[in-house]
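Encoded as structure tokens, the structure appears first; notes follow it.
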Amino acid sequence: LAPMALRRRMLWYLKGFVCLCCRCRVEGQMVDPARLLPCQCGDRMLWQYLPGFGQHAFSCEQCGDCANDEDTKKEKTLSFAVLGALCARWSGLAQAQSALEDLCAQVDSLHDDHFARRCLHLLFLALEADEFISSKGLPDAEGAGQRWMREVHQLGLWQERIRPGQHGGMLMMLSFKSLAPAIRLLANGDDATRDLMAWAGPVLSVDDAWDGG
């Protein structure tokens with residue numbers, strides 16, 4: 001789910017190689033769809049390679065303006081901070097929300113579709129899913145389950161939108177293992193649930209095979 005630069009850094013740190021898969025090569029040479037900044041013209045700046053400058057930078061699709069150094073450095077710092085939060089061990093939703101309150105406020109300066117904003121939201125939903133599963137029943141608050149399903153569905157659509165044809169919804173389920181079981185627990189047969197079950201299906205099949213074996 002992470003941007004190309006963070007994926008490559010993590011693989012280098014953990015495995016000692018630079019990833020040259022098709023996805024990393026394309027995003028490295030063209031546009032990384034998970035890194036965006038808002039532009040003053042009202043459009044968005046994408047992290048992309050600019051041949052005229054011979055380097056990567058945030059550049060607006062509409063007006064061609066580029067982000068200043070301060071905003072670029074801030075985006076990089078926040079991206080690393082969110083990656084650290086995603087890799088951390090949390091005892092529960094309340095602890096994570098309390099510890100990450102300041103970080104959540106800071107990432108609000110990024111574009112709505114930036115990896116950092118979306119994946120922090122996804123982290124909280126995954127921790128909430130842990131609570132649903134551990135209680136072995138539907139959420140206590142009225143409408144909480146439907147709200148949770150709706151928000152997970154929107155994040156899955158975000159992944160499918162920024163990386164079409166790359167099974168983003170399923171990758172989301174693989175990245176946060178509590179999502180698929182919670183979806184099955186809360187499934188109600190509407191359109192959003194059908195999308196979610198399609199994304200969660202491969203993960204649930206593996207879990208069922210493992211439990212059955």
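All residue names refer to the structure tokens as shown: chains lettered A, B, ... in order, residues numbered from 1 in each chain, ligands numbered from 1 in order.
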
DSSP on the backbone: what in segment 44-166 of chain A comes out alpha helix (DSSP H), as an MDAnalysis selection string?
-> chainID A and resid 69:87 93:99 101:107 115:135 144:162

Might you pull out every residue within 12 Å of Leu185 of chain A, with only C-alpha atoms counted and same-chain residues fewer than 4 positions away left off, and present them as a ChimeraX atom specification?
-> /A:129-139,145-146,148-149,178-181,189,193,196-197,200,204

Segment 53-195 of chain A: which residues are strand (DSSP E) by DSSP, as a VMD selection string?
-> chain A and resid 55 to 60

Write the residues of the preceding selection, restricted to N, CA and C atoms, as an mmCIF file, in the first residue's frame.
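What follows is the written file part.cif:
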data_model
loop_
_atom_site.group_PDB
_atom_site.id
_atom_site.type_symbol
_atom_site.label_atom_id
_atom_site.label_comp_id
_atom_site.auth_asym_id
_atom_site.auth_seq_id
_atom_site.Cartn_x
_atom_site.Cartn_y
_atom_site.Cartn_z
ATOM 1 N N GLN A 55 14.900 15.524 -12.183
ATOM 2 C CA GLN A 55 14.695 15.003 -10.831
ATOM 3 C C GLN A 55 13.207 14.832 -10.552
ATOM 4 N N HIS A 56 12.906 14.152 -9.425
ATOM 5 C CA HIS A 56 11.529 14.007 -8.989
ATOM 6 C C HIS A 56 11.105 15.240 -8.176
ATOM 7 N N ALA A 57 9.841 15.570 -8.260
ATOM 8 C CA ALA A 57 9.297 16.689 -7.497
ATOM 9 C C ALA A 57 7.782 16.578 -7.490
ATOM 10 N N PHE A 58 7.146 17.312 -6.569
ATOM 11 C CA PHE A 58 5.690 17.425 -6.575
ATOM 12 C C PHE A 58 5.306 18.503 -7.574
ATOM 13 N N SER A 59 4.537 18.119 -8.593
ATOM 14 C CA SER A 59 4.144 19.056 -9.648
ATOM 15 C C SER A 59 2.644 18.953 -9.887
ATOM 16 N N CYS A 60 1.994 20.098 -10.049
ATOM 17 C CA CYS A 60 0.548 20.147 -10.245
ATOM 18 C C CYS A 60 0.171 19.728 -11.657
#

Contacts of segment 151-165 of chain A at 10 Å (only C-alpha atoms; same-chain gap of 6+ positions) as a VMD selection string | chain A and resid 1 23 32 to 34 113 to 115 118 to 119 121 to 122 125 to 126 145 171 to 173 179 183 191 to 196 199

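The residue that comes closest to Thr77 of chain A, out of A:Gly201, A:Cys63, A:Ala116, A:Cys22 and on the basis of only C-alpha atoms, is A:Ala116.
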
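The space between atom CA of Ala209 of chain A and atom CA of Leu174 of chain A spans 15.7 Å.
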
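Among A:Phe53, A:Val82, A:Ala182, A:Gln106, the residue with the shortest atom-to-atom distance to Leu127 of chain A, counting only C-alpha atoms, is A:Ala182.
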
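Minimum atom-to-atom distances from A:Leu100, A:Cys87, A:Met4, A:Leu110 to Cys39 of chain A were compared using only C-alpha atoms, and the lowest value belongs to A:Leu110.
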
Neighbour list for His111 of chain A as a PyMOL selection string, cut-off 9 Å, only C-alpha atoms, skip fewer than 5 positions in-chain = chain A and resi 35-39+44-45+117

May I have the selected residues written with C-alpha atoms, as a PDB file, in the first residue's frame?
ATOM      1  CA  ARG A  35       1.970  10.701  -2.845  1.00  0.00           C
ATOM      2  CA  LEU A  36      -0.018  13.886  -3.416  1.00  0.00           C
ATOM      3  CA  LEU A  37      -0.092  17.428  -2.082  1.00  0.00           C
ATOM      4  CA  PRO A  38      -2.877  20.000  -2.462  1.00  0.00           C
ATOM      5  CA  CYS A  39      -2.119  22.837  -4.888  1.00  0.00           C
ATOM      6  CA  ARG A  44      -3.306  18.338  -6.798  1.00  0.00           C
ATOM      7  CA  MET A  45       0.449  17.962  -6.991  1.00  0.00           C
ATOM      8  CA  ARG A 117      -3.861  10.009   5.548  1.00  0.00           C
TER       9      ARG A 117
END

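For the choices A:Ala144, A:Leu83, A:Asp102, A:Asp207, the atom-to-atom distance to Leu120 of chain A is smallest for A:Leu83 when using only C-alpha atoms.
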
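We find atom CA of Phe176 of chain A and atom CA of Lys74 of chain A to be spaced 26.3 Å apart.
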